[in-house]
Amino acid sequence: MEANTRSTGRLPAAFLTPGSSSFMDFLSDQSPEMLPGNRHLPPMQGAIEAPHGTTIVAATFPGGVVLAGDRRATMGNMIAQRDIEKVFPADEYSAVGIAGTAGLAVEMVKLFQLELEHFEKVEGAQLSLEGKANRLSTMIRSNLAMAMQGLAVVPLFAGFDIDRERGRIFSYDVTGGRSEELGYAATGSGSIFARGSMKKLYREDLTEQQTLTLVVQALYDAADDDSATGGPDVARRIYPIVTVITDEGFRKLTEAESSEIARAILERRLEQPDGPRAALL
């Protein structure tokens with residue numbers, strides 16, 4: 001095949017006429033060894049030391065959804081990276097936040113982006129948000145063998161559903177099991193603390209700006225109790241990655257916007273170290 005390609009200067013016919021709207025299926029037929037789940041790992045004893053990323057949070061508001069993540073990656077009890085990006089656009093109206101083995105997670109996101117782009121080019125239309133969530137579930141399931149060896153990827157998927165005209169959130173487990181979350185969700189090692197924070201502060205009528213503040217508050221609370229989650233680092237100018245998805249599409253907050261929210265929260269935390277209080281009744 002390679003010799004024929006070099007002699008004619010053209011791609012093989014299979015590459016020009018894919019038989020499926022799924023890039024994953026096409027890659028499985030043509031180059032299955034390139035899929036993360038098909039790679040053979042050498043025999044190992046004990047846990048694998050690889051950078052892991054946490055924490056990812058999401059919350060809906062009337063008109064859209066916010067997806068955000070902290071910037072820390074850890075390797076055991078060490079900080080492997082302080083400014084890793086964990087939230088990426090999947091396409092114009094959706095985004096994915098990664099938790100788990102950082103290298104595999106980033107690779108999975110890139111493959112997911114190609115999957116959605118491939119479908120749109122072949123079919124001439126965007127996949128529904130429900131369909132996107134299902135495709136991501138399939139990709140996570142194909143990584144199960146590596147997850148059982150400690151290389152797990154557990155993303156959080158969020159997007160604006162054009163048909164239903166609202167933001168939606170989907171969470172996953174390592175087997176690809178998918179659940180739609182109502183209102184808010186979190187994943188990663190600090191998710192239990194982030195979820196508890198949002199549980200007390202979330203309301204369905206929050207504005208976009210209030211929802212942005214909510215998710216950064218949740219990340220701050222996660223960092224306060226989970227050493228693998230990094231809080232806002234003012235000295236190094238490292239702030240959470242915060243994104244908004246509405247009927248106008250995906251938008252990532254600028255560093256100035258995210259730092260303004262983080263600094264306002266830090267100022268209030270000087271007076272209330274444990275954060276805002278929810279009403280008893």
# chains A, B, ... in the order shown; residues from 1 in each chain; ligands from 1

call {"tool": "select_by_dssp", "arguments": {"residues": "region 117-269 of chain A", "states": "helix (DSSP H, G or I)", "output": "PDB file with N, CA, C and O atoms, in the first residue's frame"}}
result
ATOM      1  N   GLU A 117     -15.658  15.869  13.853  1.00  0.00           N
ATOM      2  CA  GLU A 117     -15.371  16.567  12.598  1.00  0.00           C
ATOM      3  C   GLU A 117     -15.595  15.643  11.402  1.00  0.00           C
ATOM      4  O   GLU A 117     -16.137  16.052  10.365  1.00  0.00           O
ATOM      5  N   HIS A 118     -15.160  14.388  11.543  1.00  0.00           N
ATOM      6  CA  HIS A 118     -15.325  13.400  10.478  1.00  0.00           C
ATOM      7  C   HIS A 118     -16.806  13.168  10.185  1.00  0.00           C
ATOM      8  O   HIS A 118     -17.217  13.133   9.008  1.00  0.00           O
ATOM      9  N   PHE A 119     -17.612  13.020  11.231  1.00  0.00           N
ATOM     10  CA  PHE A 119     -19.047  12.797  11.043  1.00  0.00           C
ATOM     11  C   PHE A 119     -19.679  13.967  10.299  1.00  0.00           C
ATOM     12  O   PHE A 119     -20.471  13.776   9.372  1.00  0.00           O
ATOM     13  N   GLU A 120     -19.317  15.188  10.690  1.00  0.00           N
ATOM     14  CA  GLU A 120     -19.909  16.373  10.069  1.00  0.00           C
ATOM     15  C   GLU A 120     -19.541  16.468   8.588  1.00  0.00           C
ATOM     16  O   GLU A 120     -20.360  16.840   7.751  1.00  0.00           O
ATOM     17  N   LYS A 121     -18.297  16.094   8.253  1.00  0.00           N
ATOM     18  CA  LYS A 121     -17.876  16.159   6.851  1.00  0.00           C
ATOM     19  C   LYS A 121     -18.546  15.086   6.000  1.00  0.00           C
ATOM     20  O   LYS A 121     -18.918  15.324   4.856  1.00  0.00           O
ATOM     21  N   VAL A 122     -18.698  13.885   6.565  1.00  0.00           N
ATOM     22  CA  VAL A 122     -19.291  12.781   5.816  1.00  0.00           C
ATOM     23  C   VAL A 122     -20.797  12.953   5.678  1.00  0.00           C
ATOM     24  O   VAL A 122     -21.369  12.748   4.603  1.00  0.00           O
ATOM     25  N   GLU A 123     -21.473  13.333   6.769  1.00  0.00           N
ATOM     26  CA  GLU A 123     -22.931  13.416   6.775  1.00  0.00           C
ATOM     27  C   GLU A 123     -23.456  14.787   6.367  1.00  0.00           C
ATOM     28  O   GLU A 123     -24.641  14.939   6.043  1.00  0.00           O
ATOM     29  N   LEU A 129     -26.355  16.330  20.324  1.00  0.00           N
ATOM     30  CA  LEU A 129     -25.604  16.289  21.571  1.00  0.00           C
ATOM     31  C   LEU A 129     -25.684  14.914  22.213  1.00  0.00           C
ATOM     32  O   LEU A 129     -24.693  14.424  22.779  1.00  0.00           O
ATOM     33  N   GLU A 130     -26.842  14.281  22.102  1.00  0.00           N
ATOM     34  CA  GLU A 130     -27.007  12.922  22.627  1.00  0.00           C
ATOM     35  C   GLU A 130     -26.071  11.966  21.897  1.00  0.00           C
ATOM     36  O   GLU A 130     -25.438  11.088  22.494  1.00  0.00           O
ATOM     37  N   GLY A 131     -25.974  12.133  20.576  1.00  0.00           N
ATOM     38  CA  GLY A 131     -25.091  11.292  19.782  1.00  0.00           C
ATOM     39  C   GLY A 131     -23.627  11.493  20.130  1.00  0.00           C
ATOM     40  O   GLY A 131     -22.847  10.536  20.180  1.00  0.00           O
ATOM     41  N   LYS A 132     -23.244  12.739  20.385  1.00  0.00           N
ATOM     42  CA  LYS A 132     -21.861  13.035  20.785  1.00  0.00           C
ATOM     43  C   LYS A 132     -21.532  12.342  22.109  1.00  0.00           C
ATOM     44  O   LYS A 132     -20.452  11.770  22.272  1.00  0.00           O
ATOM     45  N   ALA A 133     -22.466  12.415  23.047  1.00  0.00           N
ATOM     46  CA  ALA A 133     -22.262  11.782  24.348  1.00  0.00           C
ATOM     47  C   ALA A 133     -22.106  10.271  24.192  1.00  0.00           C
ATOM     48  O   ALA A 133     -21.292   9.647  24.880  1.00  0.00           O
ATOM     49  N   ASN A 134     -22.881   9.670  23.277  1.00  0.00           N
ATOM     50  CA  ASN A 134     -22.780   8.229  23.036  1.00  0.00           C
ATOM     51  C   ASN A 134     -21.449   7.862  22.393  1.00  0.00           C
ATOM     52  O   ASN A 134     -20.849   6.830  22.730  1.00  0.00           O
ATOM     53  N   ARG A 135     -20.968   8.685  21.462  1.00  0.00           N
ATOM     54  CA  ARG A 135     -19.684   8.412  20.811  1.00  0.00           C
ATOM     55  C   ARG A 135     -18.549   8.448  21.836  1.00  0.00           C
ATOM     56  O   ARG A 135     -17.633   7.621  21.804  1.00  0.00           O
ATOM     57  N   LEU A 136     -18.588   9.409  22.744  1.00  0.00           N
ATOM     58  CA  LEU A 136     -17.561   9.499  23.775  1.00  0.00           C
ATOM     59  C   LEU A 136     -17.617   8.281  24.695  1.00  0.00           C
ATOM     60  O   LEU A 136     -16.576   7.763  25.127  1.00  0.00           O
ATOM     61  N   SER A 137     -18.814   7.805  24.980  1.00  0.00           N
ATOM     62  CA  SER A 137     -18.986   6.607  25.810  1.00  0.00           C
ATOM     63  C   SER A 137     -18.300   5.405  25.167  1.00  0.00           C
ATOM     64  O   SER A 137     -17.616   4.624  25.843  1.00  0.00           O
ATOM     65  N   THR A 138     -18.443   5.275  23.853  1.00  0.00           N
ATOM     66  CA  THR A 138     -17.812   4.167  23.127  1.00  0.00           C
ATOM     67  C   THR A 138     -16.302   4.253  23.200  1.00  0.00           C
ATOM     68  O   THR A 138     -15.606   3.243  23.363  1.00  0.00           O
ATOM     69  N   MET A 139     -15.764   5.455  23.096  1.00  0.00           N
ATOM     70  CA  MET A 139     -14.321   5.655  23.150  1.00  0.00           C
ATOM     71  C   MET A 139     -13.767   5.295  24.525  1.00  0.00           C
ATOM     72  O   MET A 139     -12.708   4.669  24.644  1.00  0.00           O
ATOM     73  N   ILE A 140     -14.469   5.671  25.571  1.00  0.00           N
ATOM     74  CA  ILE A 140     -14.027   5.352  26.933  1.00  0.00           C
ATOM     75  C   ILE A 140     -14.056   3.836  27.145  1.00  0.00           C
ATOM     76  O   ILE A 140     -13.151   3.256  27.745  1.00  0.00           O
ATOM     77  N   ARG A 141     -15.103   3.180  26.636  1.00  0.00           N
ATOM     78  CA  ARG A 141     -15.225   1.728  26.784  1.00  0.00           C
ATOM     79  C   ARG A 141     -14.082   1.002  26.085  1.00  0.00           C
ATOM     80  O   ARG A 141     -13.594  -0.023  26.569  1.00  0.00           O
ATOM     81  N   SER A 142     -13.619   1.547  24.953  1.00  0.00           N
ATOM     82  CA  SER A 142     -12.523   0.903  24.221  1.00  0.00           C
ATOM     83  C   SER A 142     -11.201   1.001  24.971  1.00  0.00           C
ATOM     84  O   SER A 142     -10.248   0.291  24.649  1.00  0.00           O
ATOM     85  N   LEU A 144     -10.947   0.333  28.209  1.00  0.00           N
ATOM     86  CA  LEU A 144     -11.155  -0.378  29.467  1.00  0.00           C
ATOM     87  C   LEU A 144      -9.949  -1.229  29.857  1.00  0.00           C
ATOM     88  O   LEU A 144      -9.573  -1.283  31.034  1.00  0.00           O
ATOM     89  N   ALA A 145      -9.305  -1.880  28.881  1.00  0.00           N
ATOM     90  CA  ALA A 145      -8.162  -2.735  29.195  1.00  0.00           C
ATOM     91  C   ALA A 145      -7.037  -1.934  29.840  1.00  0.00           C
ATOM     92  O   ALA A 145      -6.413  -2.379  30.810  1.00  0.00           O
ATOM     93  N   MET A 146      -6.796  -0.719  29.340  1.00  0.00           N
ATOM     94  CA  MET A 146      -5.750   0.122  29.913  1.00  0.00           C
ATOM     95  C   MET A 146      -6.196   0.699  31.259  1.00  0.00           C
ATOM     96  O   MET A 146      -5.382   0.897  32.158  1.00  0.00           O
ATOM     97  N   ALA A 147      -7.492   0.945  31.395  1.00  0.00           N
ATOM     98  CA  ALA A 147      -8.013   1.449  32.669  1.00  0.00           C
ATOM     99  C   ALA A 147      -7.804   0.430  33.775  1.00  0.00           C
ATOM    100  O   ALA A 147      -7.510   0.788  34.922  1.00  0.00           O
ATOM    101  N   SER A 191     -13.675  15.747  43.293  1.00  0.00           N
ATOM    102  CA  SER A 191     -15.081  15.917  42.910  1.00  0.00           C
ATOM    103  C   SER A 191     -16.036  15.865  44.095  1.00  0.00           C
ATOM    104  O   SER A 191     -17.058  16.552  44.100  1.00  0.00           O
ATOM    105  N   ILE A 192     -15.711  15.060  45.115  1.00  0.00           N
ATOM    106  CA  ILE A 192     -16.612  14.948  46.263  1.00  0.00           C
ATOM    107  C   ILE A 192     -16.755  16.285  46.988  1.00  0.00           C
ATOM    108  O   ILE A 192     -17.833  16.661  47.443  1.00  0.00           O
ATOM    109  N   PHE A 193     -15.656  17.040  47.051  1.00  0.00           N
ATOM    110  CA  PHE A 193     -15.690  18.342  47.720  1.00  0.00           C
ATOM    111  C   PHE A 193     -16.323  19.407  46.815  1.00  0.00           C
ATOM    112  O   PHE A 193     -17.077  20.249  47.288  1.00  0.00           O
ATOM    113  N   ALA A 194     -16.025  19.343  45.521  1.00  0.00           N
ATOM    114  CA  ALA A 194     -16.606  20.288  44.574  1.00  0.00           C
ATOM    115  C   ALA A 194     -18.119  20.103  44.475  1.00  0.00           C
ATOM    116  O   ALA A 194     -18.881  21.070  44.442  1.00  0.00           O
ATOM    117  N   ARG A 195     -18.533  18.837  44.446  1.00  0.00           N
ATOM    118  CA  ARG A 195     -19.969  18.560  44.358  1.00  0.00           C
ATOM    119  C   ARG A 195     -20.705  19.041  45.609  1.00  0.00           C
ATOM    120  O   ARG A 195     -21.796  19.608  45.534  1.00  0.00           O
ATOM    121  N   GLY A 196     -20.088  18.832  46.782  1.00  0.00           N
ATOM    122  CA  GLY A 196     -20.701  19.305  48.024  1.00  0.00           C
ATOM    123  C   GLY A 196     -20.829  20.814  48.045  1.00  0.00           C
ATOM    124  O   GLY A 196     -21.830  21.357  48.534  1.00  0.00           O
ATOM    125  N   SER A 197     -19.824  21.503  47.502  1.00  0.00           N
ATOM    126  CA  SER A 197     -19.863  22.961  47.436  1.00  0.00           C
ATOM    127  C   SER A 197     -21.005  23.434  46.543  1.00  0.00           C
ATOM    128  O   SER A 197     -21.787  24.315  46.914  1.00  0.00           O
ATOM    129  N   MET A 198     -21.127  22.826  45.346  1.00  0.00           N
ATOM    130  CA  MET A 198     -22.177  23.246  44.412  1.00  0.00           C
ATOM    131  C   MET A 198     -23.564  22.862  44.903  1.00  0.00           C
ATOM    132  O   MET A 198     -24.537  23.562  44.638  1.00  0.00           O
ATOM    133  N   LYS A 199     -23.644  21.755  45.632  1.00  0.00           N
ATOM    134  CA  LYS A 199     -24.940  21.307  46.143  1.00  0.00           C
ATOM    135  C   LYS A 199     -25.591  22.356  47.022  1.00  0.00           C
ATOM    136  O   LYS A 199     -26.816  22.526  47.006  1.00  0.00           O
ATOM    137  N   LYS A 200     -24.777  23.071  47.801  1.00  0.00           N
ATOM    138  CA  LYS A 200     -25.322  24.078  48.713  1.00  0.00           C
ATOM    139  C   LYS A 200     -25.516  25.443  48.071  1.00  0.00           C
ATOM    140  O   LYS A 200     -26.282  26.268  48.579  1.00  0.00           O
ATOM    141  N   LEU A 201     -24.848  25.705  46.952  1.00  0.00           N
ATOM    142  CA  LEU A 201     -24.888  27.047  46.359  1.00  0.00           C
ATOM    143  C   LEU A 201     -25.676  27.121  45.055  1.00  0.00           C
ATOM    144  O   LEU A 201     -26.072  28.204  44.628  1.00  0.00           O
ATOM    145  N   GLU A 208     -25.459  33.719  34.101  1.00  0.00           N
ATOM    146  CA  GLU A 208     -24.205  33.187  33.570  1.00  0.00           C
ATOM    147  C   GLU A 208     -23.034  33.591  34.461  1.00  0.00           C
ATOM    148  O   GLU A 208     -22.178  32.763  34.783  1.00  0.00           O
ATOM    149  N   GLN A 209     -22.987  34.859  34.880  1.00  0.00           N
ATOM    150  CA  GLN A 209     -21.885  35.329  35.712  1.00  0.00           C
ATOM    151  C   GLN A 209     -21.882  34.644  37.071  1.00  0.00           C
ATOM    152  O   GLN A 209     -20.821  34.288  37.598  1.00  0.00           O
ATOM    153  N   GLN A 210     -23.054  34.421  37.644  1.00  0.00           N
ATOM    154  CA  GLN A 210     -23.139  33.736  38.930  1.00  0.00           C
ATOM    155  C   GLN A 210     -22.693  32.274  38.803  1.00  0.00           C
ATOM    156  O   GLN A 210     -22.054  31.738  39.707  1.00  0.00           O
ATOM    157  N   THR A 211     -23.010  31.652  37.682  1.00  0.00           N
ATOM    158  CA  THR A 211     -22.606  30.265  37.461  1.00  0.00           C
ATOM    159  C   THR A 211     -21.091  30.170  37.301  1.00  0.00           C
ATOM    160  O   THR A 211     -20.460  29.219  37.784  1.00  0.00           O
ATOM    161  N   LEU A 212     -20.489  31.167  36.646  1.00  0.00           N
ATOM    162  CA  LEU A 212     -19.029  31.212  36.530  1.00  0.00           C
ATOM    163  C   LEU A 212     -18.390  31.288  37.916  1.00  0.00           C
ATOM    164  O   LEU A 212     -17.413  30.595  38.203  1.00  0.00           O
ATOM    165  N   THR A 213     -18.953  32.123  38.764  1.00  0.00           N
ATOM    166  CA  THR A 213     -18.441  32.249  40.131  1.00  0.00           C
ATOM    167  C   THR A 213     -18.649  30.950  40.902  1.00  0.00           C
ATOM    168  O   THR A 213     -17.775  30.511  41.657  1.00  0.00           O
ATOM    169  N   LEU A 214     -19.792  30.302  40.687  1.00  0.00           N
ATOM    170  CA  LEU A 214     -20.103  29.044  41.372  1.00  0.00           C
ATOM    171  C   LEU A 214     -19.050  27.972  41.092  1.00  0.00           C
ATOM    172  O   LEU A 214     -18.551  27.327  42.022  1.00  0.00           O
ATOM    173  N   VAL A 215     -18.684  27.781  39.820  1.00  0.00           N
ATOM    174  CA  VAL A 215     -17.753  26.700  39.492  1.00  0.00           C
ATOM    175  C   VAL A 215     -16.348  26.996  40.023  1.00  0.00           C
ATOM    176  O   VAL A 215     -15.636  26.080  40.449  1.00  0.00           O
ATOM    177  N   VAL A 216     -15.954  28.271  40.036  1.00  0.00           N
ATOM    178  CA  VAL A 216     -14.634  28.607  40.579  1.00  0.00           C
ATOM    179  C   VAL A 216     -14.633  28.433  42.095  1.00  0.00           C
ATOM    180  O   VAL A 216     -13.644  27.992  42.687  1.00  0.00           O
ATOM    181  N   GLN A 217     -15.749  28.768  42.757  1.00  0.00           N
ATOM    182  CA  GLN A 217     -15.891  28.515  44.195  1.00  0.00           C
ATOM    183  C   GLN A 217     -15.754  27.020  44.471  1.00  0.00           C
ATOM    184  O   GLN A 217     -15.085  26.603  45.435  1.00  0.00           O
ATOM    185  N   ALA A 218     -16.378  26.191  43.629  1.00  0.00           N
ATOM    186  CA  ALA A 218     -16.326  24.736  43.816  1.00  0.00           C
ATOM    187  C   ALA A 218     -14.904  24.216  43.650  1.00  0.00           C
ATOM    188  O   ALA A 218     -14.452  23.345  44.404  1.00  0.00           O
ATOM    189  N   LEU A 219     -14.173  24.745  42.664  1.00  0.00           N
ATOM    190  CA  LEU A 219     -12.779  24.333  42.472  1.00  0.00           C
ATOM    191  C   LEU A 219     -11.915  24.773  43.644  1.00  0.00           C
ATOM    192  O   LEU A 219     -10.990  24.064  44.053  1.00  0.00           O
ATOM    193  N   TYR A 220     -12.203  25.941  44.199  1.00  0.00           N
ATOM    194  CA  TYR A 220     -11.464  26.421  45.367  1.00  0.00           C
ATOM    195  C   TYR A 220     -11.708  25.483  46.550  1.00  0.00           C
ATOM    196  O   TYR A 220     -10.762  25.111  47.270  1.00  0.00           O
ATOM    197  N   ASP A 221     -12.961  25.087  46.762  1.00  0.00           N
ATOM    198  CA  ASP A 221     -13.280  24.179  47.861  1.00  0.00           C
ATOM    199  C   ASP A 221     -12.631  22.811  47.655  1.00  0.00           C
ATOM    200  O   ASP A 221     -12.193  22.168  48.617  1.00  0.00           O
ATOM    201  N   ALA A 222     -12.571  22.347  46.396  1.00  0.00           N
ATOM    202  CA  ALA A 222     -11.920  21.069  46.107  1.00  0.00           C
ATOM    203  C   ALA A 222     -10.430  21.153  46.435  1.00  0.00           C
ATOM    204  O   ALA A 222      -9.858  20.245  47.040  1.00  0.00           O
ATOM    205  N   ALA A 223      -9.793  22.259  46.033  1.00  0.00           N
ATOM    206  CA  ALA A 223      -8.364  22.441  46.299  1.00  0.00           C
ATOM    207  C   ALA A 223      -8.080  22.581  47.786  1.00  0.00           C
ATOM    208  O   ALA A 223      -6.990  22.222  48.257  1.00  0.00           O
ATOM    209  N   ASP A 224      -9.066  23.063  48.535  1.00  0.00           N
ATOM    210  CA  ASP A 224      -8.899  23.268  49.972  1.00  0.00           C
ATOM    211  C   ASP A 224      -8.778  21.940  50.719  1.00  0.00           C
ATOM    212  O   ASP A 224      -8.153  21.872  51.787  1.00  0.00           O
ATOM    213  N   ASP A 225      -9.384  20.872  50.152  1.00  0.00           N
ATOM    214  CA  ASP A 225      -9.392  19.578  50.845  1.00  0.00           C
ATOM    215  C   ASP A 225      -8.709  18.456  50.077  1.00  0.00           C
ATOM    216  O   ASP A 225      -8.490  17.381  50.632  1.00  0.00           O
ATOM    217  N   GLU A 255      -7.686  35.023  30.245  1.00  0.00           N
ATOM    218  CA  GLU A 255      -6.984  34.993  31.525  1.00  0.00           C
ATOM    219  C   GLU A 255      -7.424  36.144  32.416  1.00  0.00           C
ATOM    220  O   GLU A 255      -7.560  35.985  33.626  1.00  0.00           O
ATOM    221  N   ALA A 256      -7.682  37.300  31.812  1.00  0.00           N
ATOM    222  CA  ALA A 256      -8.127  38.471  32.582  1.00  0.00           C
ATOM    223  C   ALA A 256      -9.485  38.201  33.227  1.00  0.00           C
ATOM    224  O   ALA A 256      -9.724  38.567  34.389  1.00  0.00           O
ATOM    225  N   GLU A 257     -10.401  37.555  32.479  1.00  0.00           N
ATOM    226  CA  GLU A 257     -11.737  37.273  33.009  1.00  0.00           C
ATOM    227  C   GLU A 257     -11.682  36.244  34.132  1.00  0.00           C
ATOM    228  O   GLU A 257     -12.322  36.429  35.191  1.00  0.00           O
ATOM    229  N   SER A 258     -10.951  35.152  33.922  1.00  0.00           N
ATOM    230  CA  SER A 258     -10.880  34.113  34.956  1.00  0.00           C
ATOM    231  C   SER A 258     -10.128  34.605  36.185  1.00  0.00           C
ATOM    232  O   SER A 258     -10.479  34.269  37.324  1.00  0.00           O
ATOM    233  N   SER A 259      -9.098  35.423  35.986  1.00  0.00           N
ATOM    234  CA  SER A 259      -8.347  35.943  37.130  1.00  0.00           C
ATOM    235  C   SER A 259      -9.195  36.920  37.942  1.00  0.00           C
ATOM    236  O   SER A 259      -9.084  36.981  39.170  1.00  0.00           O
ATOM    237  N   GLU A 260     -10.067  37.673  37.262  1.00  0.00           N
ATOM    238  CA  GLU A 260     -10.942  38.608  37.979  1.00  0.00           C
ATOM    239  C   GLU A 260     -11.889  37.863  38.909  1.00  0.00           C
ATOM    240  O   GLU A 260     -12.097  38.262  40.064  1.00  0.00           O
ATOM    241  N   ILE A 261     -12.458  36.755  38.426  1.00  0.00           N
ATOM    242  CA  ILE A 261     -13.352  35.946  39.265  1.00  0.00           C
ATOM    243  C   ILE A 261     -12.579  35.335  40.424  1.00  0.00           C
ATOM    244  O   ILE A 261     -13.022  35.361  41.580  1.00  0.00           O
ATOM    245  N   ALA A 262     -11.410  34.759  40.117  1.00  0.00           N
ATOM    246  CA  ALA A 262     -10.602  34.102  41.152  1.00  0.00           C
ATOM    247  C   ALA A 262     -10.152  35.094  42.221  1.00  0.00           C
ATOM    248  O   ALA A 262     -10.188  34.790  43.423  1.00  0.00           O
ATOM    249  N   ARG A 263      -9.718  36.273  41.808  1.00  0.00           N
ATOM    250  CA  ARG A 263      -9.248  37.276  42.774  1.00  0.00           C
ATOM    251  C   ARG A 263     -10.379  37.771  43.656  1.00  0.00           C
ATOM    252  O   ARG A 263     -10.191  38.023  44.852  1.00  0.00           O
ATOM    253  N   ALA A 264     -11.584  37.920  43.085  1.00  0.00           N
ATOM    254  CA  ALA A 264     -12.742  38.350  43.881  1.00  0.00           C
ATOM    255  C   ALA A 264     -13.070  37.298  44.945  1.00  0.00           C
ATOM    256  O   ALA A 264     -13.382  37.632  46.096  1.00  0.00           O
ATOM    257  N   ILE A 265     -12.972  36.028  44.564  1.00  0.00           N
ATOM    258  CA  ILE A 265     -13.232  34.948  45.517  1.00  0.00           C
ATOM    259  C   ILE A 265     -12.164  34.927  46.605  1.00  0.00           C
ATOM    260  O   ILE A 265     -12.466  34.753  47.793  1.00  0.00           O
ATOM    261  N   LEU A 266     -10.905  35.103  46.215  1.00  0.00           N
ATOM    262  CA  LEU A 266      -9.812  35.115  47.193  1.00  0.00           C
ATOM    263  C   LEU A 266      -9.992  36.248  48.203  1.00  0.00           C
ATOM    264  O   LEU A 266      -9.725  36.073  49.400  1.00  0.00           O
ATOM    265  N   GLU A 267     -10.435  37.409  47.730  1.00  0.00           N
ATOM    266  CA  GLU A 267     -10.658  38.540  48.635  1.00  0.00           C
ATOM    267  C   GLU A 267     -11.725  38.212  49.670  1.00  0.00           C
ATOM    268  O   GLU A 267     -11.574  38.508  50.862  1.00  0.00           O
ATOM    269  N   ARG A 268     -12.814  37.583  49.220  1.00  0.00           N
ATOM    270  CA  ARG A 268     -13.878  37.221  50.153  1.00  0.00           C
ATOM    271  C   ARG A 268     -13.442  36.121  51.106  1.00  0.00           C
ATOM    272  O   ARG A 268     -13.869  36.067  52.263  1.00  0.00           O
ATOM    273  N   ARG A 269     -12.568  35.223  50.628  1.00  0.00           N
ATOM    274  CA  ARG A 269     -12.094  34.122  51.480  1.00  0.00           C
ATOM    275  C   ARG A 269     -11.194  34.616  52.601  1.00  0.00           C
ATOM    276  O   ARG A 269     -10.984  33.917  53.595  1.00  0.00           O
TER     277      ARG A 269
END

call {"tool": "residues_around", "arguments": {"residues": "Leu156 (chain A)", "least_positions_apart": "4", "cutoff": "6 Å", "atoms": "only C-alpha atoms", "output": "short mmCIF file (atom, residue, chain, number, x, y, z; two decimals) with N, CA and C atoms, in the first residue's frame"}}
result
data_model
loop_
_atom_site.label_atom_id
_atom_site.label_comp_id
_atom_site.auth_asym_id
_atom_site.auth_seq_id
_atom_site.Cartn_x
_atom_site.Cartn_y
_atom_site.Cartn_z
N VAL A 96 -15.28 19.09 26.50
CA VAL A 96 -14.99 17.94 27.34
C VAL A 96 -13.88 18.30 28.32
N GLY A 97 -14.07 17.92 29.57
CA GLY A 97 -13.07 18.13 30.60
C GLY A 97 -12.50 16.78 31.00
N SER A 171 -21.81 12.63 32.61
CA SER A 171 -20.67 12.07 33.32
C SER A 171 -20.50 10.60 32.92
#

call {"tool": "residues_around", "arguments": {"residues": "Ala58 (chain A)", "least_positions_apart": "4", "cutoff": "9 Å", "atoms": "only C-alpha atoms", "output": "JSON, numbers by chain"}}
result
{"A": [65, 66, 67, 68, 69, 156, 157, 158, 169, 183, 184, 185, 186, 215]}

call {"tool": "residues_around", "arguments": {"residues": "Ile84 (chain A)", "least_positions_apart": "2", "cutoff": "7 Å", "atoms": "only C-alpha atoms", "output": "JSON list (two decimals) with all heavy atoms, in the first residue's frame"}}
result
[["chain", "number", "residue", "atom", "x", "y", "z"],
["A", 71, "ARG", "N", -5.78, 23.41, 37.29],
["A", 71, "ARG", "CA", -4.62, 23.34, 36.39],
["A", 71, "ARG", "C", -3.54, 22.37, 36.86],
["A", 71, "ARG", "O", -2.49, 22.29, 36.24],
["A", 71, "ARG", "CB", -4.01, 24.75, 36.25],
["A", 71, "ARG", "CG", -4.98, 25.85, 35.83],
["A", 71, "ARG", "CD", -5.46, 25.66, 34.42],
["A", 71, "ARG", "NE", -4.36, 25.74, 33.47],
["A", 71, "ARG", "CZ", -3.86, 26.90, 33.00],
["A", 71, "ARG", "NH1", -4.36, 28.07, 33.41],
["A", 71, "ARG", "NH2", -2.87, 26.90, 32.13],
["A", 72, "ARG", "N", -3.76, 21.63, 37.93],
["A", 72, "ARG", "CA", -2.71, 20.81, 38.50],
["A", 72, "ARG", "C", -2.75, 19.36, 37.99],
["A", 72, "ARG", "O", -3.81, 18.77, 37.85],
["A", 72, "ARG", "CB", -2.81, 20.79, 40.03],
["A", 72, "ARG", "CG", -1.77, 19.91, 40.73],
["A", 72, "ARG", "CD", -1.86, 20.04, 42.24],
["A", 72, "ARG", "NE", -1.46, 21.38, 42.67],
["A", 72, "ARG", "CZ", -1.48, 21.79, 43.94],
["A", 72, "ARG", "NH1", -1.91, 20.97, 44.90],
["A", 72, "ARG", "NH2", -1.09, 23.01, 44.24],
["A", 73, "ALA", "N", -1.56, 18.81, 37.71],
["A", 73, "ALA", "CA", -1.40, 17.40, 37.41],
["A", 73, "ALA", "C", -0.43, 16.82, 38.42],
["A", 73, "ALA", "O", 0.60, 17.43, 38.72],
["A", 73, "ALA", "CB", -0.88, 17.19, 35.99],
["A", 81, "GLN", "N", 2.78, 18.95, 37.07],
["A", 81, "GLN", "CA", 2.62, 20.15, 36.27],
["A", 81, "GLN", "C", 1.61, 21.07, 36.94],
["A", 81, "GLN", "O", 0.60, 20.60, 37.46],
["A", 81, "GLN", "CB", 2.16, 19.80, 34.85],
["A", 81, "GLN", "CG", 2.17, 20.97, 33.88],
["A", 81, "GLN", "CD", 1.85, 20.54, 32.46],
["A", 81, "GLN", "OE1", 1.93, 19.36, 32.11],
["A", 81, "GLN", "NE2", 1.48, 21.49, 31.61],
["A", 82, "ARG", "N", 1.89, 22.37, 36.91],
["A", 82, "ARG", "CA", 1.02, 23.33, 37.60],
["A", 82, "ARG", "C", 0.02, 24.01, 36.67],
["A", 82, "ARG", "O", -0.94, 24.60, 37.15],
["A", 82, "ARG", "CB", 1.87, 24.41, 38.28],
["A", 82, "ARG", "CG", 2.84, 23.88, 39.32],
["A", 82, "ARG", "CD", 3.65, 25.02, 39.94],
["A", 82, "ARG", "NE", 4.68, 24.52, 40.81],
["A", 82, "ARG", "CZ", 4.51, 24.21, 42.10],
["A", 82, "ARG", "NH1", 3.30, 24.38, 42.63],
["A", 82, "ARG", "NH2", 5.50, 23.74, 42.83],
["A", 86, "LYS", "N", -7.15, 21.19, 31.03],
["A", 86, "LYS", "CA", -7.97, 19.99, 31.13],
["A", 86, "LYS", "C", -9.34, 20.15, 30.49],
["A", 86, "LYS", "O", -10.14, 19.21, 30.49],
["A", 86, "LYS", "CB", -8.17, 19.61, 32.60],
["A", 86, "LYS", "CG", -6.88, 19.50, 33.41],
["A", 86, "LYS", "CD", -7.18, 19.24, 34.86],
["A", 86, "LYS", "CE", -5.91, 19.31, 35.70],
["A", 86, "LYS", "NZ", -6.20, 19.14, 37.14]]
